[in-house]
>>> print(open('input-v7.cif').read())   # mmCIF, C-alpha atoms and all ligand atoms
data_my_file
loop_
_atom_site.group_PDB
_atom_site.id
_atom_site.type_symbol
_atom_site.label_atom_id
_atom_site.label_comp_id
_atom_site.auth_asym_id
_atom_site.auth_seq_id
_atom_site.Cartn_x
_atom_site.Cartn_y
_atom_site.Cartn_z
ATOM 1 C CA MET A 149 -33.108 35.992 13.059
ATOM 2 C CA LEU A 150 -36.863 35.571 13.294
ATOM 3 C CA THR A 151 -38.669 36.814 10.244
ATOM 4 C CA ASN A 152 -41.875 35.943 8.503
ATOM 5 C CA ALA A 153 -40.151 35.511 5.143
ATOM 6 C CA GLY A 154 -42.121 33.086 3.055
ATOM 7 C CA MET A 155 -45.085 33.043 5.418
ATOM 8 C CA ASP A 156 -48.449 34.619 4.797
ATOM 9 C CA GLN A 157 -49.079 36.275 8.173
ATOM 10 C CA ALA A 158 -49.415 40.044 8.298
ATOM 11 C CA TRP A 159 -46.929 40.352 11.168
ATOM 12 C CA THR A 160 -43.189 40.730 10.961
ATOM 13 C CA SER A 161 -40.381 40.609 13.460
ATOM 14 C CA ASP A 162 -37.817 42.054 11.079
ATOM 15 C CA PRO A 163 -36.274 45.171 12.646
ATOM 16 C CA GLY A 164 -35.231 46.559 9.251
ATOM 17 C CA PRO A 165 -31.752 47.573 8.115
ATOM 18 C CA VAL A 166 -29.006 48.678 10.467
ATOM 19 C CA LEU A 167 -28.855 52.459 10.689
ATOM 20 C CA ILE A 168 -26.065 52.740 13.280
ATOM 21 C CA SER A 169 -23.850 49.744 13.918
ATOM 22 C CA LYS A 170 -22.748 48.315 17.236
ATOM 23 C CA SER A 171 -19.175 49.540 16.706
ATOM 24 C CA GLU A 172 -20.242 53.057 15.672
ATOM 25 C CA ILE A 173 -22.364 53.240 18.822
ATOM 26 C CA ALA A 174 -19.518 51.970 21.016
ATOM 27 C CA ALA A 175 -17.111 54.598 19.675
ATOM 28 C CA ARG A 176 -19.596 57.430 20.117
ATOM 29 C CA VAL A 177 -20.641 56.362 23.619
ATOM 30 C CA GLU A 178 -16.973 56.264 24.638
ATOM 31 C CA SER A 179 -16.417 59.815 23.407
ATOM 32 C CA LEU A 180 -19.586 61.068 25.122
ATOM 33 C CA ALA A 181 -18.429 59.472 28.385
ATOM 34 C CA ASP A 182 -15.031 61.177 28.020
ATOM 35 C CA GLU A 183 -16.702 64.519 27.383
ATOM 36 C CA ILE A 184 -18.992 64.113 30.415
ATOM 37 C CA SER A 185 -16.069 63.048 32.637
ATOM 38 C CA ARG A 186 -14.134 66.153 31.568
ATOM 39 C CA ASP A 187 -17.084 68.543 31.952
ATOM 40 C CA TYR A 188 -17.871 67.423 35.503
ATOM 41 C CA GLN A 189 -14.267 66.833 36.584
ATOM 42 C CA GLY A 190 -13.947 66.677 40.394
ATOM 43 C CA GLN A 191 -17.717 66.500 40.921
ATOM 44 C CA SER A 192 -20.145 63.698 41.584
ATOM 45 C CA ILE A 193 -23.253 63.318 39.466
ATOM 46 C CA LYS A 194 -26.683 61.751 39.737
ATOM 47 C CA VAL A 195 -27.670 60.056 36.519
ATOM 48 C CA GLY A 196 -31.424 59.808 35.903
ATOM 49 C CA VAL A 197 -32.101 56.950 33.507
ATOM 50 C CA VAL A 198 -35.363 57.254 31.598
ATOM 51 C CA LEU A 199 -37.097 53.882 31.542
ATOM 52 C CA ALA A 200 -37.129 51.707 29.629
ATOM 53 C CA GLY A 201 -35.577 52.937 26.378
ATOM 54 C CA ALA A 202 -32.437 54.443 27.894
ATOM 55 C CA ILE A 203 -31.305 51.422 29.925
ATOM 56 C CA VAL A 204 -28.908 50.020 27.334
ATOM 57 C CA PHE A 205 -27.339 53.375 26.453
ATOM 58 C CA ALA A 206 -27.089 54.366 30.129
ATOM 59 C CA ALA A 207 -25.531 51.038 31.103
ATOM 60 C CA ASP A 208 -22.786 51.471 28.510
ATOM 61 C CA LEU A 209 -22.326 55.176 29.237
ATOM 62 C CA VAL A 210 -22.041 55.085 33.040
ATOM 63 C CA ARG A 211 -19.473 52.309 32.950
ATOM 64 C CA GLN A 212 -17.122 54.642 31.086
ATOM 65 C CA ILE A 213 -17.668 57.773 33.155
ATOM 66 C CA SER A 214 -14.769 58.374 35.531
ATOM 67 C CA LEU A 215 -16.665 60.274 38.246
ATOM 68 C CA ASP A 216 -18.667 59.329 41.317
ATOM 69 C CA VAL A 217 -21.995 58.330 39.795
ATOM 70 C CA GLU A 218 -25.290 57.626 41.503
ATOM 71 C CA ILE A 219 -28.070 56.190 39.373
ATOM 72 C CA PHE A 220 -31.804 56.679 39.675
ATOM 73 C CA PHE A 221 -34.705 55.810 37.405
ATOM 74 C CA ILE A 222 -37.377 57.995 35.878
ATOM 75 C CA GLN A 223 -40.609 57.007 34.161
ATOM 76 C CA ALA A 224 -42.071 59.335 31.574
ATOM 77 C CA SER A 225 -45.445 58.378 30.163
ATOM 78 C CA SER A 226 -47.062 60.418 27.503
ATOM 79 C CA TYR A 227 -50.789 60.499 27.019
ATOM 80 C CA GLY A 228 -52.032 59.931 23.514
ATOM 81 C CA ASP A 229 -52.176 57.110 21.024
ATOM 82 C CA GLY A 230 -48.893 55.534 22.031
ATOM 83 C CA THR A 231 -46.696 56.182 19.006
ATOM 84 C CA VAL A 232 -46.636 59.957 18.981
ATOM 85 C CA SER A 233 -46.070 61.762 22.225
ATOM 86 C CA SER A 234 -48.608 64.393 23.135
ATOM 87 C CA GLY A 235 -47.886 67.610 24.950
ATOM 88 C CA GLN A 236 -48.876 65.989 28.241
ATOM 89 C CA VAL A 237 -46.166 63.873 29.794
ATOM 90 C CA GLN A 238 -46.384 62.377 33.271
ATOM 91 C CA VAL A 239 -43.056 62.057 35.072
ATOM 92 C CA ARG A 240 -42.552 59.614 37.948
ATOM 93 C CA ARG A 241 -39.401 59.122 39.958
ATOM 94 C CA ASP A 242 -38.266 58.030 43.393
ATOM 95 C CA GLU A 243 -38.944 61.010 45.663
ATOM 96 C CA LYS A 244 -36.401 59.689 48.165
ATOM 97 C CA VAL A 245 -33.549 60.525 45.786
ATOM 98 C CA GLU A 246 -32.447 63.989 46.931
ATOM 99 C CA LEU A 247 -31.706 66.195 43.916
ATOM 100 C CA ALA A 248 -31.371 69.640 45.505
ATOM 101 C CA ASP A 249 -27.854 71.061 45.107
ATOM 102 C CA THR A 250 -26.620 68.006 43.187
ATOM 103 C CA HIS A 251 -25.450 67.706 39.589
ATOM 104 C CA VAL A 252 -28.164 65.868 37.672
ATOM 105 C CA LEU A 253 -27.671 64.322 34.239
ATOM 106 C CA VAL A 254 -30.780 62.904 32.550
ATOM 107 C CA VAL A 255 -30.121 60.101 30.077
ATOM 108 C CA ASP A 256 -32.713 59.244 27.438
ATOM 109 C CA ASP A 257 -32.750 57.196 24.259
ATOM 110 C CA ILE A 258 -34.127 59.591 21.638
ATOM 111 C CA LEU A 259 -35.225 63.177 21.393
ATOM 112 C CA ASP A 260 -38.168 63.351 19.032
ATOM 113 C CA THR A 261 -40.839 66.047 19.466
ATOM 114 C CA GLY A 262 -39.077 67.215 22.634
ATOM 115 C CA TYR A 263 -42.201 67.029 24.829
ATOM 116 C CA THR A 264 -40.685 64.301 27.003
ATOM 117 C CA ALA A 265 -37.383 66.128 27.459
ATOM 118 C CA ARG A 266 -39.225 69.342 28.302
ATOM 119 C CA ALA A 267 -41.321 67.581 30.961
ATOM 120 C CA LEU A 268 -38.280 65.816 32.433
ATOM 121 C CA LEU A 269 -36.231 68.997 32.637
ATOM 122 C CA ASP A 270 -39.146 70.925 34.184
ATOM 123 C CA ASP A 271 -39.784 68.203 36.769
ATOM 124 C CA LEU A 272 -36.152 67.728 37.783
ATOM 125 C CA GLY A 273 -35.440 71.452 37.592
ATOM 126 C CA SER A 274 -38.171 72.058 40.190
ATOM 127 C CA GLN A 275 -35.967 70.205 42.708
ATOM 128 C CA ARG A 276 -33.330 72.952 42.449
ATOM 129 C CA PRO A 277 -30.338 70.846 41.412
ATOM 130 C CA ALA A 278 -26.942 72.576 41.305
ATOM 131 C CA SER A 279 -26.913 71.789 37.577
ATOM 132 C CA LEU A 280 -29.194 69.944 35.185
ATOM 133 C CA ARG A 281 -28.102 68.527 31.848
ATOM 134 C CA MET A 282 -29.419 65.970 29.434
ATOM 135 C CA ALA A 283 -27.831 63.314 27.251
ATOM 136 C CA THR A 284 -29.627 61.487 24.484
ATOM 137 C CA LEU A 285 -28.280 58.799 22.206
ATOM 138 C CA LEU A 286 -30.312 59.949 19.214
ATOM 139 C CA ASP A 287 -31.860 63.163 18.022
ATOM 140 C CA LYS A 288 -34.527 63.462 15.314
ATOM 141 C CA PRO A 289 -34.426 67.253 14.831
ATOM 142 C CA SER A 290 -36.916 67.223 11.956
ATOM 143 C CA ARG A 291 -39.677 66.216 14.386
ATOM 144 C CA ARG A 292 -39.137 68.869 17.042
ATOM 145 C CA GLN A 293 -42.222 70.634 18.416
ATOM 146 C CA VAL A 294 -40.650 72.132 21.529
ATOM 147 C CA ASP A 295 -37.466 74.132 21.769
ATOM 148 C CA VAL A 296 -35.384 72.128 24.224
ATOM 149 C CA GLN A 297 -31.694 72.277 25.052
ATOM 150 C CA VAL A 298 -29.858 68.934 25.168
ATOM 151 C CA ASP A 299 -26.200 68.957 26.145
ATOM 152 C CA TYR A 300 -24.935 65.607 24.836
ATOM 153 C CA VAL A 301 -26.223 64.023 21.620
ATOM 154 C CA GLY A 302 -24.879 60.775 20.193
ATOM 155 C CA PHE A 303 -26.214 60.892 16.639
ATOM 156 C CA GLU A 304 -28.712 62.810 14.574
ATOM 157 C CA VAL A 305 -31.089 60.511 12.731
ATOM 158 C CA PRO A 306 -33.557 61.049 9.880
ATOM 159 C CA ASN A 307 -37.307 60.943 10.412
ATOM 160 C CA LYS A 308 -37.639 57.160 10.633
ATOM 161 C CA PHE A 309 -38.890 54.974 13.438
ATOM 162 C CA VAL A 310 -35.837 53.371 15.000
ATOM 163 C CA VAL A 311 -35.468 50.312 17.216
ATOM 164 C CA GLY A 312 -32.691 48.449 18.997
ATOM 165 C CA TYR A 313 -30.076 49.424 21.573
ATOM 166 C CA GLY A 314 -32.863 49.935 24.111
ATOM 167 C CA MET A 315 -35.556 51.263 21.807
ATOM 168 C CA ASP A 316 -38.639 49.202 21.097
ATOM 169 C CA HIS A 317 -41.620 48.855 18.867
ATOM 170 C CA SER A 318 -44.546 47.423 20.870
ATOM 171 C CA GLY A 319 -42.092 45.871 23.294
ATOM 172 C CA SER A 320 -39.860 44.197 20.722
ATOM 173 C CA PHE A 321 -36.267 44.813 19.606
ATOM 174 C CA ARG A 322 -34.886 46.539 22.709
ATOM 175 C CA HIS A 323 -32.157 43.933 23.073
ATOM 176 C CA LEU A 324 -30.634 44.370 19.613
ATOM 177 C CA PRO A 325 -27.039 45.655 19.756
ATOM 178 C CA SER A 326 -27.385 48.040 16.775
ATOM 179 C CA VAL A 327 -29.917 50.748 15.896
ATOM 180 C CA HIS A 328 -32.234 49.743 13.046
ATOM 181 C CA ALA A 329 -34.643 51.770 10.933
ATOM 182 C CA LEU A 330 -37.917 49.884 11.141
ATOM 183 C CA ASP A 331 -39.559 51.365 8.021
HETATM 184 P P1 LIG B 401 -40.724 62.941 22.375
HETATM 185 O O1 LIG B 401 -41.470 63.299 23.627
HETATM 186 O O2 LIG B 401 -41.580 63.029 21.154
HETATM 187 O O3 LIG B 401 -39.417 63.678 22.209
HETATM 188 O O4 LIG B 401 -40.449 61.402 22.473
HETATM 189 C C1 LIG B 401 -39.436 60.864 23.152
HETATM 190 C C2 LIG B 401 -39.735 59.410 23.461
HETATM 191 O O5 LIG B 401 -40.536 58.765 22.454
HETATM 192 C C3 LIG B 401 -38.424 58.679 23.470
HETATM 193 O O6 LIG B 401 -37.865 58.690 24.758
HETATM 194 C C4 LIG B 401 -38.840 57.297 23.030
HETATM 195 O O7 LIG B 401 -39.265 56.565 24.155
HETATM 196 C C5 LIG B 401 -40.010 57.501 22.111
HETATM 197 N N1 LIG B 401 -39.601 57.515 20.692
HETATM 198 C C6 LIG B 401 -39.587 58.562 19.850
HETATM 199 N N2 LIG B 401 -39.172 58.231 18.625
HETATM 200 C C7 LIG B 401 -38.886 56.907 18.695
HETATM 201 C C8 LIG B 401 -38.386 55.961 17.731
HETATM 202 O O8 LIG B 401 -38.086 56.257 16.561
HETATM 203 N N3 LIG B 401 -38.218 54.697 18.190
HETATM 204 C C9 LIG B 401 -38.498 54.315 19.466
HETATM 205 N N4 LIG B 401 -38.966 55.163 20.390
HETATM 206 C C10 LIG B 401 -39.161 56.451 20.002
HETATM 207 MG MG MG B 402 -38.383 57.180 26.121
#
>>> encode(input="input-v7.cif", output="structure tokens")
Amino acid sequence: MLTNAGMDQAWTSDPGPVLISKSEIAARVESLADEISRDYQGQSIKVGVVLAGAIVFAADLVRQISLDVEIFFIQASSYGDGTVSSGQVQVRRDEKVELADTHVLVVDDILDTGYTARALLDDLGSQRPASLRMATLLDKPSRRQVDVQVDYVGFEVPNKFVVGYGMDHSGSFRHLPSVHALD
């Protein structure tokens, strides 16, 4: 592992201690996939993957869902200072993906203030899907600013900045197989 142990620079590339291990994640993702497969039994779904944080979770999740799955990508950028999302979130997605009368499942990495989830659900809901649900690997309920309904939650986490399993800090740590608490 790269760390700055013993060096005098101010930077670090230490992701901090493991908060949720690779095997705990694998077990939980498998049970979420089972639950989703049961809930939508006999139907096909369109999975909207929120870039970039949700790519690792979504990749593991969709491979264990036993339904017809179509995948599309969504970009959600929040205005503000970059670490805390503001109330204004811009949503971009491929307009060619037809969502009307289809079952849409949004997959994101972490639900924090809820502003992003709210914007995503409003945007996708405006396309009149037959159903609209959301899955998130992590939930930090202590930080919620907006009342938002999420259907599938992997784990609740304390109010710490987390990285790994898709989540980054300034671009780093997305590739780590476990979730770490950066603090
Ligand atoms: P919200 O709009 O405040 O709910 O923020 C949701 C988005 O902020 C997530 O999709 C992440 O991209 C990012 N985010 C929030 N908390 C964390 C964290 O602890 N680590 C990494 N990204 C985070
Ligand atoms: Mg995100």
>>> closest_residue(input="input-v7.cif", among="A:Val245, A:Leu167, A:Ala174, A:Ala200", to="Gly319 of chain A", atoms="only C-alpha atoms")
A:Ala200
>>> residues_near_ligand(input="input-v7.cif", ligand="ligand MG 402 (chain B)", cutoff="9 Å", atoms="all atoms listed in the file", output="list of chain:residue names")
A:Val198, A:Leu199, A:Ala200, A:Gly201, A:Ala202, A:Gln223, A:Ala224, A:Ser225, A:Asp256, A:Asp257, A:Ile258, A:Leu259, A:Thr264, A:Met315
>>> resolve_selection(input="input-v7.cif", expression="the PyMOL selection byres (((not hetatm)) within 8 of (chain B and resi 401))", output="ChimeraX atom specification")
/A:198,200-202,226,231-235,237,256-266,288,291-292,307-311,315-317,329
>>> closest_residue(input="input-v7.cif", among="A:Asp270, A:Glu304, A:Asp331, A:Asp162", to="Asp287 of chain A", atoms="only C-alpha atoms")
A:Glu304
>>> atom_distance(input="input-v7.cif", atom1="atom CA of Val197 of chain A", atom2="atom CA of Leu280 of chain A")
13.4 Å
>>> residues_around(input="input-v7.cif", residues="Asp271 of chain A", least_positions_apart="4", cutoff="10 Å", atoms="only C-alpha atoms", output="number ranges by chain")
A: 238-241, 265-267, 275-276
>>> closest_residue(input="input-v7.cif", among="A:Asp182, A:Glu218, A:Asp208, A:Asp249", to="Tyr300 of chain A", atoms="only C-alpha atoms")
A:Asp182
>>> closest_residue(input="input-v7.cif", among="A:His328, A:Lys170, A:Arg322, A:Arg281", to="Ile184 of chain A", atoms="only C-alpha atoms")
A:Arg281
>>> residues_around(input="input-v7.cif", residues="Gly312 of chain A", least_positions_apart="4", cutoff="6 Å", atoms="only C-alpha atoms", output="mmCIF file with C-alpha atoms, in the coordinates of the input")
data_model
loop_
_atom_site.group_PDB
_atom_site.id
_atom_site.type_symbol
_atom_site.label_atom_id
_atom_site.label_comp_id
_atom_site.auth_asym_id
_atom_site.auth_seq_id
_atom_site.Cartn_x
_atom_site.Cartn_y
_atom_site.Cartn_z
ATOM 1 C CA PHE A 321 -36.267 44.813 19.606
ATOM 2 C CA ARG A 322 -34.886 46.539 22.709
ATOM 3 C CA LEU A 324 -30.634 44.370 19.613
ATOM 4 C CA SER A 326 -27.385 48.040 16.775
ATOM 5 C CA VAL A 327 -29.917 50.748 15.896
#
>>> residues_near_point(input="input-v7.cif", point="(-18.1, 68.0, 34.3)", cutoff="12 Å", atoms="all atoms listed in the file", output="list in words")
Leu180, Ala181, Asp182, Glu183, Ile184, Ser185, Arg186, Asp187, Tyr188, Gln189, Gly190, Gln191, Ser192, Ile193, Lys194, Ile213, Ser214, Leu215, Asp216, Val217, His251, Val252, Leu253, Ser279, Leu280, Arg281, Asp299 and Tyr300 of chain A
>>> atom_distance(input="input-v7.cif", atom1="atom CA of Ser274 of chain A", atom2="atom CA of Ala248 of chain A")
9.0 Å
>>> atom_distance(input="input-v7.cif", atom1="atom CA of Glu172 of chain A", atom2="atom CA of Ser320 of chain A")
22.1 Å
>>> build_atoms(input="input-v7.cif", residues="segment 237-250 of chain A", atoms="N, CA, C and O atoms", output="PDB file, keeping the file's coordinate frame")
ATOM      1  N   VAL A 237     -47.047  64.970  29.414  1.00  0.00           N
ATOM      2  CA  VAL A 237     -46.166  63.873  29.794  1.00  0.00           C
ATOM      3  C   VAL A 237     -46.157  63.776  31.314  1.00  0.00           C
ATOM      4  O   VAL A 237     -45.950  64.773  32.007  1.00  0.00           O
ATOM      5  N   GLN A 238     -46.423  62.578  31.822  1.00  0.00           N
ATOM      6  CA  GLN A 238     -46.384  62.377  33.271  1.00  0.00           C
ATOM      7  C   GLN A 238     -45.016  61.831  33.661  1.00  0.00           C
ATOM      8  O   GLN A 238     -44.544  60.866  33.065  1.00  0.00           O
ATOM      9  N   VAL A 239     -44.385  62.475  34.629  1.00  0.00           N
ATOM     10  CA  VAL A 239     -43.056  62.057  35.072  1.00  0.00           C
ATOM     11  C   VAL A 239     -43.164  61.443  36.460  1.00  0.00           C
ATOM     12  O   VAL A 239     -43.771  62.028  37.349  1.00  0.00           O
ATOM     13  N   ARG A 240     -42.589  60.260  36.628  1.00  0.00           N
ATOM     14  CA  ARG A 240     -42.552  59.614  37.948  1.00  0.00           C
ATOM     15  C   ARG A 240     -41.119  59.246  38.280  1.00  0.00           C
ATOM     16  O   ARG A 240     -40.399  58.747  37.425  1.00  0.00           O
ATOM     17  N   ARG A 241     -40.745  59.506  39.516  1.00  0.00           N
ATOM     18  CA  ARG A 241     -39.401  59.122  39.958  1.00  0.00           C
ATOM     19  C   ARG A 241     -39.437  58.901  41.458  1.00  0.00           C
ATOM     20  O   ARG A 241     -40.413  59.262  42.114  1.00  0.00           O
ATOM     21  N   ASP A 242     -38.367  58.325  41.975  1.00  0.00           N
ATOM     22  CA  ASP A 242     -38.266  58.030  43.393  1.00  0.00           C
ATOM     23  C   ASP A 242     -38.034  59.337  44.160  1.00  0.00           C
ATOM     24  O   ASP A 242     -36.981  59.957  44.035  1.00  0.00           O
ATOM     25  N   GLU A 243     -39.030  59.728  44.939  1.00  0.00           N
ATOM     26  CA  GLU A 243     -38.944  61.010  45.663  1.00  0.00           C
ATOM     27  C   GLU A 243     -37.854  60.983  46.740  1.00  0.00           C
ATOM     28  O   GLU A 243     -37.438  62.027  47.231  1.00  0.00           O
ATOM     29  N   LYS A 244     -37.423  59.797  47.112  1.00  0.00           N
ATOM     30  CA  LYS A 244     -36.401  59.689  48.165  1.00  0.00           C
ATOM     31  C   LYS A 244     -35.011  60.073  47.657  1.00  0.00           C
ATOM     32  O   LYS A 244     -34.111  60.320  48.447  1.00  0.00           O
ATOM     33  N   VAL A 245     -34.838  60.110  46.336  1.00  0.00           N
ATOM     34  CA  VAL A 245     -33.549  60.525  45.786  1.00  0.00           C
ATOM     35  C   VAL A 245     -33.485  62.053  45.854  1.00  0.00           C
ATOM     36  O   VAL A 245     -34.241  62.751  45.183  1.00  0.00           O
ATOM     37  N   GLU A 246     -32.582  62.545  46.688  1.00  0.00           N
ATOM     38  CA  GLU A 246     -32.447  63.989  46.931  1.00  0.00           C
ATOM     39  C   GLU A 246     -31.696  64.640  45.769  1.00  0.00           C
ATOM     40  O   GLU A 246     -30.545  64.290  45.485  1.00  0.00           O
ATOM     41  N   LEU A 247     -32.342  65.586  45.090  1.00  0.00           N
ATOM     42  CA  LEU A 247     -31.706  66.195  43.916  1.00  0.00           C
ATOM     43  C   LEU A 247     -31.240  67.632  44.160  1.00  0.00           C
ATOM     44  O   LEU A 247     -30.419  68.156  43.407  1.00  0.00           O
ATOM     45  N   ALA A 248     -31.745  68.248  45.225  1.00  0.00           N
ATOM     46  CA  ALA A 248     -31.371  69.640  45.505  1.00  0.00           C
ATOM     47  C   ALA A 248     -29.856  69.759  45.656  1.00  0.00           C
ATOM     48  O   ALA A 248     -29.221  68.909  46.304  1.00  0.00           O
ATOM     49  N   ASP A 249     -29.299  70.766  45.025  1.00  0.00           N
ATOM     50  CA  ASP A 249     -27.854  71.061  45.107  1.00  0.00           C
ATOM     51  C   ASP A 249     -26.943  69.944  44.591  1.00  0.00           C
ATOM     52  O   ASP A 249     -25.777  69.882  44.968  1.00  0.00           O
ATOM     53  N   THR A 250     -27.477  69.043  43.777  1.00  0.00           N
ATOM     54  CA  THR A 250     -26.620  68.006  43.187  1.00  0.00           C
ATOM     55  C   THR A 250     -26.558  68.227  41.671  1.00  0.00           C
ATOM     56  O   THR A 250     -27.379  68.958  41.097  1.00  0.00           O
TER      57      THR A 250
END
